[in-house]
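Q: Got a structure for you, structure-v2.csv, holding CSV, N, CA and C atoms.
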chain,number,residue,atom,x,y,z
A,126,GLY,N,-10.2,-102.8,-107.3
A,126,GLY,CA,-9.9,-101.7,-106.4
A,126,GLY,C,-8.4,-101.3,-106.6
A,127,GLY,N,-8.1,-100.2,-105.9
A,127,GLY,CA,-6.7,-99.7,-106.0
A,127,GLY,C,-5.7,-100.5,-105.1
A,128,ALA,N,-4.5,-100.2,-105.3
A,128,ALA,CA,-3.5,-100.9,-104.5
A,128,ALA,C,-3.6,-100.5,-103.0
A,129,ARG,N,-3.3,-101.5,-102.2
A,129,ARG,CA,-3.4,-101.3,-100.8
A,129,ARG,C,-2.2,-100.4,-100.3
A,130,LYS,N,-2.5,-99.5,-99.4
A,130,LYS,CA,-1.5,-98.6,-98.9
A,130,LYS,C,-0.5,-99.3,-98.1
A,131,THR,N,0.8,-99.0,-98.3
A,131,THR,CA,1.8,-99.6,-97.4
A,131,THR,C,2.0,-98.8,-96.1
A,132,LEU,N,1.6,-97.6,-96.1
A,132,LEU,CA,1.8,-96.8,-94.9
A,132,LEU,C,0.8,-95.7,-94.8
A,133,SER,N,0.2,-95.5,-93.7
A,133,SER,CA,-0.6,-94.3,-93.4
A,133,SER,C,-0.1,-93.6,-92.2
A,134,VAL,N,-0.1,-92.3,-92.3
A,134,VAL,CA,0.3,-91.5,-91.2
A,134,VAL,C,-0.9,-90.9,-90.5
A,135,VAL,N,-1.0,-91.1,-89.2
A,135,VAL,CA,-2.1,-90.5,-88.4
A,135,VAL,C,-1.5,-89.5,-87.5
A,136,TYR,N,-1.9,-88.2,-87.6
A,136,TYR,CA,-1.4,-87.2,-86.8
A,136,TYR,C,-2.2,-87.0,-85.5
A,137,VAL,N,-1.5,-87.1,-84.4
A,137,VAL,CA,-2.1,-86.9,-83.1
A,137,VAL,C,-1.5,-85.6,-82.6
A,138,SER,N,-2.3,-84.5,-82.6
A,138,SER,CA,-1.7,-83.2,-82.3
A,138,SER,C,-1.5,-82.9,-80.8
A,139,SER,N,-0.4,-82.2,-80.5
A,139,SER,CA,-0.2,-81.5,-79.2
A,139,SER,C,-0.3,-80.0,-79.4
A,140,ASP,N,-0.8,-79.6,-80.5
A,140,ASP,CA,-1.0,-78.2,-80.8
A,140,ASP,C,-1.8,-77.5,-79.7
A,141,LYS,N,-1.5,-76.2,-79.4
A,141,LYS,CA,-2.2,-75.5,-78.3
A,141,LYS,C,-3.6,-75.0,-78.8
A,142,THR,N,-3.7,-74.7,-80.0
A,142,THR,CA,-4.9,-74.0,-80.5
A,142,THR,C,-5.4,-74.7,-81.8
A,143,PRO,N,-6.6,-74.6,-82.2
A,143,PRO,CA,-7.1,-75.1,-83.5
A,143,PRO,C,-6.4,-74.5,-84.6
A,144,GLN,N,-6.0,-73.2,-84.5
A,144,GLN,CA,-5.3,-72.5,-85.6
A,144,GLN,C,-3.9,-73.2,-85.8
A,145,GLU,N,-3.2,-73.5,-84.7
A,145,GLU,CA,-1.9,-74.2,-84.9
A,145,GLU,C,-2.1,-75.5,-85.6
A,146,TYR,N,-3.1,-76.2,-85.1
A,146,TYR,CA,-3.4,-77.6,-85.6
A,146,TYR,C,-3.7,-77.5,-87.1
A,147,TYR,N,-4.7,-76.7,-87.5
A,147,TYR,CA,-5.0,-76.6,-88.9
A,147,TYR,C,-3.9,-76.0,-89.8
A,148,GLY,N,-3.1,-75.1,-89.2
A,148,GLY,CA,-2.0,-74.6,-89.9
A,148,GLY,C,-0.9,-75.6,-90.2
A,149,TYR,N,-0.8,-76.6,-89.3
A,149,TYR,CA,0.2,-77.6,-89.4
A,149,TYR,C,-0.3,-78.7,-90.4
A,150,ILE,N,-1.5,-79.1,-90.4
A,150,ILE,CA,-2.0,-80.2,-91.2
A,150,ILE,C,-2.5,-79.9,-92.6
A,151,HIS,N,-2.7,-78.6,-92.8
A,151,HIS,CA,-3.5,-78.2,-94.0
A,151,HIS,C,-2.9,-78.7,-95.3
A,152,ASP,N,-1.5,-78.8,-95.4
A,152,ASP,CA,-0.9,-79.2,-96.7
A,152,ASP,C,-0.2,-80.5,-96.6
A,153,ARG,N,-0.6,-81.3,-95.6
A,153,ARG,CA,0.0,-82.6,-95.5
A,153,ARG,C,-1.1,-83.7,-95.8
A,154,ASN,N,-0.6,-84.7,-96.4
A,154,ASN,CA,-1.5,-85.8,-96.9
A,154,ASN,C,-1.6,-86.9,-95.8
A,155,TRP,N,-2.0,-86.4,-94.6
A,155,TRP,CA,-2.1,-87.3,-93.4
A,155,TRP,C,-3.6,-87.4,-93.0
A,156,MET,N,-3.9,-88.6,-92.4
A,156,MET,CA,-5.1,-88.6,-91.6
A,156,MET,C,-4.8,-87.9,-90.3
A,157,ALA,N,-5.7,-87.3,-89.6
A,157,ALA,CA,-5.5,-86.6,-88.4
A,157,ALA,C,-6.6,-86.8,-87.4
A,158,ILE,N,-6.3,-87.1,-86.2
A,158,ILE,CA,-7.4,-87.1,-85.2
A,158,ILE,C,-7.8,-85.7,-85.0
A,159,PRO,N,-9.1,-85.4,-85.1
A,159,PRO,CA,-9.6,-84.0,-85.0
A,159,PRO,C,-9.2,-83.3,-83.7
A,160,PHE,N,-8.9,-82.0,-83.9
A,160,PHE,CA,-8.4,-81.3,-82.7
A,160,PHE,C,-9.3,-81.4,-81.5
A,161,GLU,N,-10.6,-81.4,-81.8
A,161,GLU,CA,-11.6,-81.3,-80.7
A,161,GLU,C,-11.9,-82.7,-80.1
A,162,SER,N,-11.3,-83.8,-80.7
A,162,SER,CA,-11.6,-85.1,-80.3
A,162,SER,C,-10.9,-85.6,-79.0
A,163,SER,N,-11.7,-86.2,-78.1
A,163,SER,CA,-11.1,-86.8,-76.9
A,163,SER,C,-10.2,-88.0,-77.2
A,164,GLN,N,-10.2,-88.5,-78.5
A,164,GLN,CA,-9.3,-89.6,-78.9
A,164,GLN,C,-7.9,-89.2,-78.8
A,165,ARG,N,-7.6,-87.9,-79.0
A,165,ARG,CA,-6.2,-87.4,-78.9
A,165,ARG,C,-5.6,-87.8,-77.6
A,166,SER,N,-6.4,-87.5,-76.5
A,166,SER,CA,-5.9,-87.8,-75.1
A,166,SER,C,-5.8,-89.2,-74.9
A,167,ASP,N,-6.8,-90.0,-75.4
A,167,ASP,CA,-6.8,-91.4,-75.2
A,167,ASP,C,-5.6,-92.1,-75.9
A,168,ILE,N,-5.3,-91.6,-77.1
A,168,ILE,CA,-4.1,-92.2,-77.8
A,168,ILE,C,-2.8,-91.8,-77.1
A,169,LYS,N,-2.7,-90.6,-76.6
A,169,LYS,CA,-1.5,-90.2,-75.9
A,169,LYS,C,-1.4,-91.0,-74.6
A,170,ARG,N,-2.4,-91.2,-73.9
A,170,ARG,CA,-2.3,-92.1,-72.7
A,170,ARG,C,-1.9,-93.5,-73.1
A,171,HIS,N,-2.5,-94.0,-74.1
A,171,HIS,CA,-2.3,-95.4,-74.5
A,171,HIS,C,-0.8,-95.6,-74.8
A,172,PHE,N,-0.2,-94.7,-75.6
A,172,PHE,CA,1.2,-94.8,-76.0
A,172,PHE,C,2.2,-94.0,-75.1
A,173,SER,N,1.7,-93.4,-74.0
A,173,SER,CA,2.5,-92.7,-73.1
A,173,SER,C,3.4,-91.6,-73.8
A,174,THR,N,2.7,-90.9,-74.7
A,174,THR,CA,3.4,-89.9,-75.5
A,174,THR,C,2.7,-88.6,-75.5
A,175,CYS,N,3.4,-87.5,-75.2
A,175,CYS,CA,2.7,-86.2,-75.2
A,175,CYS,C,3.8,-85.1,-75.0
A,176,ALA,N,3.4,-83.9,-75.2
A,176,ALA,CA,4.2,-82.7,-74.9
A,176,ALA,C,4.4,-82.6,-73.4
A,177,HIS,N,5.5,-82.0,-73.0
A,177,HIS,CA,5.8,-81.9,-71.6
A,177,HIS,C,4.6,-81.1,-70.9
A,178,ARG,N,4.1,-80.1,-71.5
A,178,ARG,CA,3.1,-79.3,-70.9
A,178,ARG,C,1.8,-80.1,-70.7
A,179,GLU,N,1.6,-81.2,-71.3
A,179,GLU,CA,0.4,-82.0,-71.2
A,179,GLU,C,0.5,-83.1,-70.1
A,180,LEU,N,1.7,-83.3,-69.5
A,180,LEU,CA,1.9,-84.4,-68.6
A,180,LEU,C,0.8,-84.4,-67.4
A,181,GLU,N,0.7,-83.2,-66.8
A,181,GLU,CA,-0.2,-83.1,-65.6
A,181,GLU,C,-1.6,-83.4,-66.0
A,182,GLU,N,-2.0,-82.7,-67.1
A,182,GLU,CA,-3.4,-82.9,-67.6
A,182,GLU,C,-3.8,-84.3,-67.9
A,183,LEU,N,-2.8,-85.0,-68.6
A,183,LEU,CA,-3.1,-86.4,-69.0
A,183,LEU,C,-2.8,-87.4,-67.9
A,184,GLY,N,-2.0,-87.0,-66.9
A,184,GLY,CA,-1.7,-87.9,-65.8
A,184,GLY,C,-1.0,-89.2,-66.2
A,185,ILE,N,0.0,-89.0,-67.0
A,185,ILE,CA,0.7,-90.2,-67.5
A,185,ILE,C,2.2,-90.1,-67.2
A,186,ASP,N,2.9,-91.3,-67.1
A,186,ASP,CA,4.3,-91.4,-67.0
A,186,ASP,C,4.8,-91.5,-68.5
A,187,ARG,N,5.3,-90.4,-69.0
A,187,ARG,CA,5.6,-90.3,-70.4
A,187,ARG,C,6.8,-91.2,-70.7
A,188,LYS,N,6.7,-92.0,-71.8
A,188,LYS,CA,7.7,-92.8,-72.3
A,188,LYS,C,8.4,-92.2,-73.5
A,189,HIS,N,7.6,-91.4,-74.3
A,189,HIS,CA,8.0,-90.8,-75.5
A,189,HIS,C,7.7,-89.3,-75.6
A,190,GLU,N,8.7,-88.5,-75.9
A,190,GLU,CA,8.5,-87.1,-76.1
A,190,GLU,C,8.0,-86.9,-77.5
A,191,ILE,N,7.7,-85.6,-77.8
A,191,ILE,CA,7.3,-85.3,-79.2
A,191,ILE,C,8.4,-84.6,-79.9
A,192,PRO,N,8.6,-84.7,-81.2
A,192,PRO,CA,7.8,-85.5,-82.0
A,192,PRO,C,8.1,-87.0,-81.9
A,193,THR,N,7.1,-87.8,-82.0
A,193,THR,CA,7.2,-89.3,-81.9
A,193,THR,C,6.5,-89.9,-83.1
A,194,ILE,N,7.1,-90.9,-83.7
A,194,ILE,CA,6.5,-91.7,-84.8
A,194,ILE,C,6.4,-93.1,-84.3
A,195,ILE,N,5.2,-93.6,-84.1
A,195,ILE,CA,5.0,-95.0,-83.7
A,195,ILE,C,4.5,-95.7,-84.9
A,196,VAL,N,5.2,-96.8,-85.3
A,196,VAL,CA,4.8,-97.5,-86.5
A,196,VAL,C,4.1,-98.8,-86.0
A,197,ILE,N,2.9,-99.0,-86.5
A,197,ILE,CA,2.0,-100.1,-86.1
A,197,ILE,C,1.7,-101.0,-87.3
A,198,ASP,N,1.8,-102.3,-87.1
A,198,ASP,CA,1.5,-103.2,-88.1
A,198,ASP,C,-0.1,-103.2,-88.3
A,199,THR,N,-0.5,-103.1,-89.6
A,199,THR,CA,-1.9,-103.0,-89.9
A,199,THR,C,-2.6,-104.3,-89.6
A,200,ARG,N,-1.9,-105.4,-89.8
A,200,ARG,CA,-2.6,-106.7,-89.6
A,200,ARG,C,-2.7,-107.1,-88.1
A,201,SER,N,-1.6,-107.0,-87.4
A,201,SER,CA,-1.6,-107.5,-86.0
A,201,SER,C,-2.0,-106.4,-85.0
A,202,GLN,N,-1.9,-105.2,-85.4
A,202,GLN,CA,-2.0,-104.0,-84.6
A,202,GLN,C,-0.8,-103.9,-83.6
A,203,GLY,N,0.2,-104.7,-83.8
A,203,GLY,CA,1.4,-104.7,-82.9
A,203,GLY,C,2.3,-103.5,-83.3
A,204,ILE,N,3.1,-103.1,-82.4
A,204,ILE,CA,4.0,-102.0,-82.6
A,204,ILE,C,5.3,-102.5,-83.3
A,205,ILE,N,5.6,-101.9,-84.4
A,205,ILE,CA,6.8,-102.2,-85.2
A,205,ILE,C,8.0,-101.5,-84.5
A,206,THR,N,7.8,-100.2,-84.3
A,206,THR,CA,8.8,-99.4,-83.6
A,206,THR,C,8.2,-98.2,-83.0
A,207,THR,N,8.8,-97.7,-81.9
A,207,THR,CA,8.4,-96.4,-81.3
A,207,THR,C,9.5,-95.4,-81.6
A,208,GLU,N,10.5,-95.8,-82.4
A,208,GLU,CA,11.7,-95.0,-82.7
A,208,GLU,C,11.6,-94.4,-84.1
A,209,GLY,N,10.3,-94.3,-84.6
A,209,GLY,CA,10.2,-93.8,-86.0
A,209,GLY,C,10.8,-92.5,-86.3
A,210,ALA,N,10.6,-91.5,-85.4
A,210,ALA,CA,11.2,-90.2,-85.6
A,210,ALA,C,12.7,-90.2,-85.8
A,211,ASP,N,13.4,-91.0,-84.9
A,211,ASP,CA,14.8,-91.2,-85.1
A,211,ASP,C,15.2,-91.9,-86.4
A,212,ASP,N,14.4,-92.9,-86.8
A,212,ASP,CA,14.6,-93.6,-88.0
A,212,ASP,C,14.5,-92.6,-89.2
A,213,VAL,N,13.5,-91.7,-89.2
A,213,VAL,CA,13.4,-90.8,-90.3
A,213,VAL,C,14.6,-89.8,-90.3
A,214,ASP,N,15.0,-89.3,-89.1
A,214,ASP,CA,16.2,-88.5,-89.0
A,214,ASP,C,17.4,-89.1,-89.6
A,215,GLN,N,17.6,-90.4,-89.2
A,215,GLN,CA,18.9,-91.1,-89.6
A,215,GLN,C,18.8,-91.7,-91.0
A,216,LEU,N,17.6,-92.2,-91.4
A,216,LEU,CA,17.5,-93.0,-92.7
A,216,LEU,C,16.8,-92.2,-93.8
A,217,GLY,N,16.1,-91.1,-93.4
A,217,GLY,CA,15.3,-90.4,-94.5
A,217,GLY,C,14.3,-91.3,-95.0
A,218,GLU,N,14.2,-91.3,-96.4
A,218,GLU,CA,13.2,-92.2,-97.1
A,218,GLU,C,13.5,-93.6,-96.8
A,219,GLY,N,14.7,-94.0,-96.5
A,219,GLY,CA,15.0,-95.4,-96.2
A,219,GLY,C,14.3,-95.9,-94.9
A,220,ALA,N,13.7,-95.1,-94.2
A,220,ALA,CA,13.0,-95.5,-93.0
A,220,ALA,C,11.9,-96.5,-93.3
A,221,LEU,N,11.2,-96.2,-94.4
A,221,LEU,CA,10.1,-97.1,-94.8
A,221,LEU,C,10.5,-98.5,-95.0
A,222,GLU,N,11.6,-98.7,-95.8
A,222,GLU,CA,12.1,-100.0,-96.0
A,222,GLU,C,12.6,-100.7,-94.7
A,223,HIS,N,13.2,-99.9,-93.8
A,223,HIS,CA,13.6,-100.4,-92.5
A,223,HIS,C,12.4,-100.9,-91.8
A,224,TRP,N,11.3,-100.2,-91.8
A,224,TRP,CA,10.1,-100.6,-91.0
A,224,TRP,C,9.5,-101.8,-91.7
A,225,LYS,N,9.5,-101.9,-93.0
A,225,LYS,CA,9.0,-103.1,-93.7
A,225,LYS,C,9.9,-104.3,-93.3
A,226,ASP,N,11.2,-104.1,-93.2
A,226,ASP,CA,12.1,-105.3,-92.8
A,226,ASP,C,11.7,-105.7,-91.4
A,227,ILE,N,11.5,-104.8,-90.5
A,227,ILE,CA,11.2,-105.2,-89.1
A,227,ILE,C,9.8,-105.9,-89.2
A,228,GLN,N,8.9,-105.4,-89.9
A,228,GLN,CA,7.6,-106.0,-90.0
A,228,GLN,C,7.7,-107.4,-90.5
A,229,LYS,N,8.5,-107.7,-91.6
A,229,LYS,CA,8.7,-109.0,-92.1
A,229,LYS,C,9.2,-110.0,-91.0
A,230,ARG,N,10.2,-109.5,-90.3
A,230,ARG,CA,10.8,-110.3,-89.2
A,230,ARG,C,9.8,-110.7,-88.1
A,231,VAL,N,9.0,-109.6,-87.7
A,231,VAL,CA,8.0,-109.8,-86.7
A,231,VAL,C,7.0,-110.8,-87.2
A,232,ARG,N,6.5,-110.7,-88.4
A,232,ARG,CA,5.5,-111.6,-88.9
A,232,ARG,C,6.0,-113.0,-89.1
A,233,ARG,N,7.3,-113.2,-89.5
A,233,ARG,CA,7.9,-114.5,-89.6
A,233,ARG,C,7.9,-115.1,-88.2
A,234,ASN,N,8.3,-114.3,-87.2
A,234,ASN,CA,8.4,-114.9,-85.8
A,234,ASN,C,7.0,-115.2,-85.3
A,235,GLU,N,6.0,-114.4,-85.6
A,235,GLU,CA,4.6,-114.8,-85.2
A,235,GLU,C,4.2,-116.1,-85.9
A,236,GLU,N,4.5,-116.3,-87.2
A,236,GLU,CA,4.1,-117.5,-87.9
A,236,GLU,C,4.8,-118.7,-87.2
A,237,VAL,N,6.1,-118.6,-86.9
A,237,VAL,CA,6.8,-119.7,-86.2
A,237,VAL,C,6.2,-120.0,-84.9
A,238,MET,N,5.9,-119.0,-84.1
A,238,MET,CA,5.3,-119.2,-82.8
A,238,MET,C,3.9,-119.9,-82.9
A,239,LEU,N,3.1,-119.5,-83.9
A,239,LEU,CA,1.8,-120.1,-84.1
A,239,LEU,C,2.0,-121.6,-84.6
A,240,GLN,N,2.9,-121.8,-85.4
A,240,GLN,CA,3.2,-123.2,-85.8
A,240,GLN,C,3.6,-124.1,-84.6
A,241,LYS,N,4.5,-123.6,-83.8
A,241,LYS,CA,4.9,-124.3,-82.6
A,241,LYS,C,3.7,-124.6,-81.7
A,242,LYS,N,2.9,-123.5,-81.5
A,242,LYS,CA,1.7,-123.7,-80.6
A,242,LYS,C,0.8,-124.8,-81.2
A,243,ASN,N,0.6,-124.8,-82.5
A,243,ASN,CA,-0.3,-125.8,-83.1
A,243,ASN,C,0.3,-127.2,-83.0
A,244,GLU,N,1.6,-127.3,-83.1
A,244,GLU,CA,2.3,-128.6,-82.9
A,244,GLU,C,2.1,-129.1,-81.4
A,245,ILE,N,2.2,-128.2,-80.5
A,245,ILE,CA,2.1,-128.6,-79.1
A,245,ILE,C,0.6,-129.0,-78.8
A,246,MET,N,-0.3,-128.2,-79.3
A,246,MET,CA,-1.7,-128.6,-79.1
A,246,MET,C,-2.1,-129.9,-79.8
A,247,THR,N,-1.6,-130.2,-81.0
A,247,THR,CA,-1.8,-131.4,-81.7
A,247,THR,C,-1.2,-132.6,-80.9
A,248,GLU,N,0.0,-132.4,-80.4
A,248,GLU,CA,0.7,-133.4,-79.6
A,248,GLU,C,-0.1,-133.7,-78.3
A,249,ALA,N,-0.6,-132.7,-77.7
A,249,ALA,CA,-1.4,-132.8,-76.4
A,249,ALA,C,-2.7,-133.5,-76.7
A,250,TYR,N,-3.3,-133.2,-77.8
A,250,TYR,CA,-4.6,-133.8,-78.2
A,250,TYR,C,-4.5,-135.3,-78.6
A,251,TYR,N,-3.6,-135.5,-79.5
A,251,TYR,CA,-3.4,-136.9,-80.0
A,251,TYR,C,-2.5,-137.8,-79.2
A,252,GLY,N,-1.7,-137.1,-78.4
A,252,GLY,CA,-0.7,-137.9,-77.6
A,252,GLY,C,0.4,-138.5,-78.4
Please express the file's structure as structure tokens.
A:
Amino acid sequence: GGARKTLSVVYVSSDKTPQEYYGYIHDRNWMAIPFESSQRSDIKRHFSTCAHRELEELGIDRKHEIPTIIVIDTRSQGIITTEGADDVDQLGEGALEHWKDIQKRVRRNEEVMLQKKNEIMTEAYYG
């Protein structure tokens, strides 16, 4: 098989019309939640992220304005950062390496926590 992707971008639109949506994504190599899909609203509610004009319709307490880039670990599904748009503004292409560094630290911490949990469980079981 081919090499595993290190990053996928999934576009969750706040476009007002299908024409805006398709005009924006047509030349980008992104996966996109279909304009007609209710998943767009579900994802926006889950991450508390939307355009100001969508606040009332979605009924959420917005944590993130648009544009927002939320970077998610493919293995754990944990959030690496909600500051991806700022990272891209400040670091440009260096943002990817920044996110990989964060991911490595998070995964190391998860491994340490799992090891400690296993030690505690072993101690409790064997006394």
Q: For a test of reading the model, state the distance in Å between atom CA of A:Pro192 and atom CA of A:Gln144, rounded to one decimal.
A: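 Between these atoms lies a distance of 18.8 Å.
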Q: For atom N of A:Glu190 and atom C of A:Ser173, quote the distance in Å rounded to one decimal.
A: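 These atoms are spaced 6.5 Å apart.
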Q: Any idea what's packed within 8 Å of stretch 202-213 of chain A, counting only N, CA and C atoms, ignoring anything in its chain fewer than 6 positions away? Could you give it as number ranges by chain?
A: A: 189, 192-196, 219-221, 224, 227-228, 231
Q: Using only N, CA and C atoms, can you tell me which of A:Phe172, A:Pro143, A:Gly217, A:Val134 comes closest to A:Asp186?
A: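 Counting only N, CA and C atoms, the residue closest to A:Asp186 is A:Phe172.
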Q: What are the DSSP strand (DSSP E) residues of stretch 129-229 of chain A, as a list in words?
A: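 Strand (DSSP E) assignments inside stretch 129-229 of chain A correspond to Val135, Tyr136, Met156, Ala157, Val196, Ile197, Ile204, Ile205 and Thr206 of chain A.
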Q: Within 9 Å of A:His177, counting only C-alpha atoms, which residues qualify if same-chain residues fewer than 4 places away don't, as a VMD selection string?
A: chain A and resid 181 187 190 to 191
Q: Suppose we keep N, CA and C atoms; can you now write the selection as a short mmCIF file (atom, residue, chain, number, x, y, z; two decimals), in the frame of the given file?
A:
data_model
loop_
_atom_site.label_atom_id
_atom_site.label_comp_id
_atom_site.auth_asym_id
_atom_site.auth_seq_id
_atom_site.Cartn_x
_atom_site.Cartn_y
_atom_site.Cartn_z
N GLU A 181 0.70 -83.20 -66.80
CA GLU A 181 -0.20 -83.10 -65.60
C GLU A 181 -1.60 -83.40 -66.00
N ARG A 187 5.30 -90.40 -69.00
CA ARG A 187 5.60 -90.30 -70.40
C ARG A 187 6.80 -91.20 -70.70
N GLU A 190 8.70 -88.50 -75.90
CA GLU A 190 8.50 -87.10 -76.10
C GLU A 190 8.00 -86.90 -77.50
N ILE A 191 7.70 -85.60 -77.80
CA ILE A 191 7.30 -85.30 -79.20
C ILE A 191 8.40 -84.60 -79.90
#
Q: Name the residues of chain A that come out as helix (DSSP H, G or I) in a backbone DSSP run; write them as a PyMOL selection string.
A: chain A and resi 143-150+164-172+177-183+209-216+219-251
Q: Rounded to one decimal in Å, what is the spacing between atom CA of A:Ser166 and atom N of A:Leu132?
A: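 Interatomic distance, atom CA of A:Ser166 to atom N of A:Leu132: 24.4 Å.
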Q: Give the answer as one residue: which of A:Arg200, A:Gly252, A:Ile185, A:Leu216 has the shortest atom-to-atom distance to A:Lys229, using only C-alpha atoms?
A: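 Going through A:Arg200, A:Gly252, A:Ile185, A:Leu216 one by one, the smallest distance to A:Lys229 is for A:Arg200.
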Q: Counting only C-alpha atoms, figure out which residue out of A:Ile168, A:Val135, A:Met246, A:Val237 gets nearest to A:Arg153.
A: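 The shortest atom-to-atom distance to A:Arg153 comes from A:Val135.
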Q: Can you tell me, as a ChimeraX atom specification, what residues are no more than 8 Å from A:Pro159 when counting only N, CA and C atoms, ignoring any on the same chain fewer than 6 positions away?
A: /A:136-138,165
Q: Could N, CA, C and O atoms be built for stretch 154-170 of chain A and written out as a CSV table (one decimal), in the coordinates of the input?
A:
chain,number,residue,atom,x,y,z
A,154,ASN,N,-0.6,-84.7,-96.4
A,154,ASN,CA,-1.5,-85.8,-96.9
A,154,ASN,C,-1.6,-86.9,-95.8
A,154,ASN,O,-1.2,-88.0,-96.0
A,155,TRP,N,-2.0,-86.4,-94.6
A,155,TRP,CA,-2.1,-87.3,-93.4
A,155,TRP,C,-3.6,-87.4,-93.0
A,155,TRP,O,-4.3,-86.5,-93.1
A,156,MET,N,-3.9,-88.6,-92.4
A,156,MET,CA,-5.1,-88.6,-91.6
A,156,MET,C,-4.8,-87.9,-90.3
A,156,MET,O,-3.6,-87.9,-89.8
A,157,ALA,N,-5.7,-87.3,-89.6
A,157,ALA,CA,-5.5,-86.6,-88.4
A,157,ALA,C,-6.6,-86.8,-87.4
A,157,ALA,O,-7.8,-86.8,-87.9
A,158,ILE,N,-6.3,-87.1,-86.2
A,158,ILE,CA,-7.4,-87.1,-85.2
A,158,ILE,C,-7.8,-85.7,-85.0
A,158,ILE,O,-7.0,-84.8,-84.8
A,159,PRO,N,-9.1,-85.4,-85.1
A,159,PRO,CA,-9.6,-84.0,-85.0
A,159,PRO,C,-9.2,-83.3,-83.7
A,159,PRO,O,-9.1,-84.0,-82.7
A,160,PHE,N,-8.9,-82.0,-83.9
A,160,PHE,CA,-8.4,-81.3,-82.7
A,160,PHE,C,-9.3,-81.4,-81.5
A,160,PHE,O,-8.9,-81.5,-80.4
A,161,GLU,N,-10.6,-81.4,-81.8
A,161,GLU,CA,-11.6,-81.3,-80.7
A,161,GLU,C,-11.9,-82.7,-80.1
A,161,GLU,O,-12.6,-82.8,-79.1
A,162,SER,N,-11.3,-83.8,-80.7
A,162,SER,CA,-11.6,-85.1,-80.3
A,162,SER,C,-10.9,-85.6,-79.0
A,162,SER,O,-9.7,-85.3,-78.8
A,163,SER,N,-11.7,-86.2,-78.1
A,163,SER,CA,-11.1,-86.8,-76.9
A,163,SER,C,-10.2,-88.0,-77.2
A,163,SER,O,-9.4,-88.4,-76.4
A,164,GLN,N,-10.2,-88.5,-78.5
A,164,GLN,CA,-9.3,-89.6,-78.9
A,164,GLN,C,-7.9,-89.2,-78.8
A,164,GLN,O,-7.0,-90.0,-78.6
A,165,ARG,N,-7.6,-87.9,-79.0
A,165,ARG,CA,-6.2,-87.4,-78.9
A,165,ARG,C,-5.6,-87.8,-77.6
A,165,ARG,O,-4.6,-88.3,-77.5
A,166,SER,N,-6.4,-87.5,-76.5
A,166,SER,CA,-5.9,-87.8,-75.1
A,166,SER,C,-5.8,-89.2,-74.9
A,166,SER,O,-4.9,-89.8,-74.3
A,167,ASP,N,-6.8,-90.0,-75.4
A,167,ASP,CA,-6.8,-91.4,-75.2
A,167,ASP,C,-5.6,-92.1,-75.9
A,167,ASP,O,-5.0,-92.9,-75.3
A,168,ILE,N,-5.3,-91.6,-77.1
A,168,ILE,CA,-4.1,-92.2,-77.8
A,168,ILE,C,-2.8,-91.8,-77.1
A,168,ILE,O,-2.0,-92.7,-76.9
A,169,LYS,N,-2.7,-90.6,-76.6
A,169,LYS,CA,-1.5,-90.2,-75.9
A,169,LYS,C,-1.4,-91.0,-74.6
A,169,LYS,O,-0.2,-91.4,-74.3
A,170,ARG,N,-2.4,-91.2,-73.9
A,170,ARG,CA,-2.3,-92.1,-72.7
A,170,ARG,C,-1.9,-93.5,-73.1
A,170,ARG,O,-1.1,-94.1,-72.4
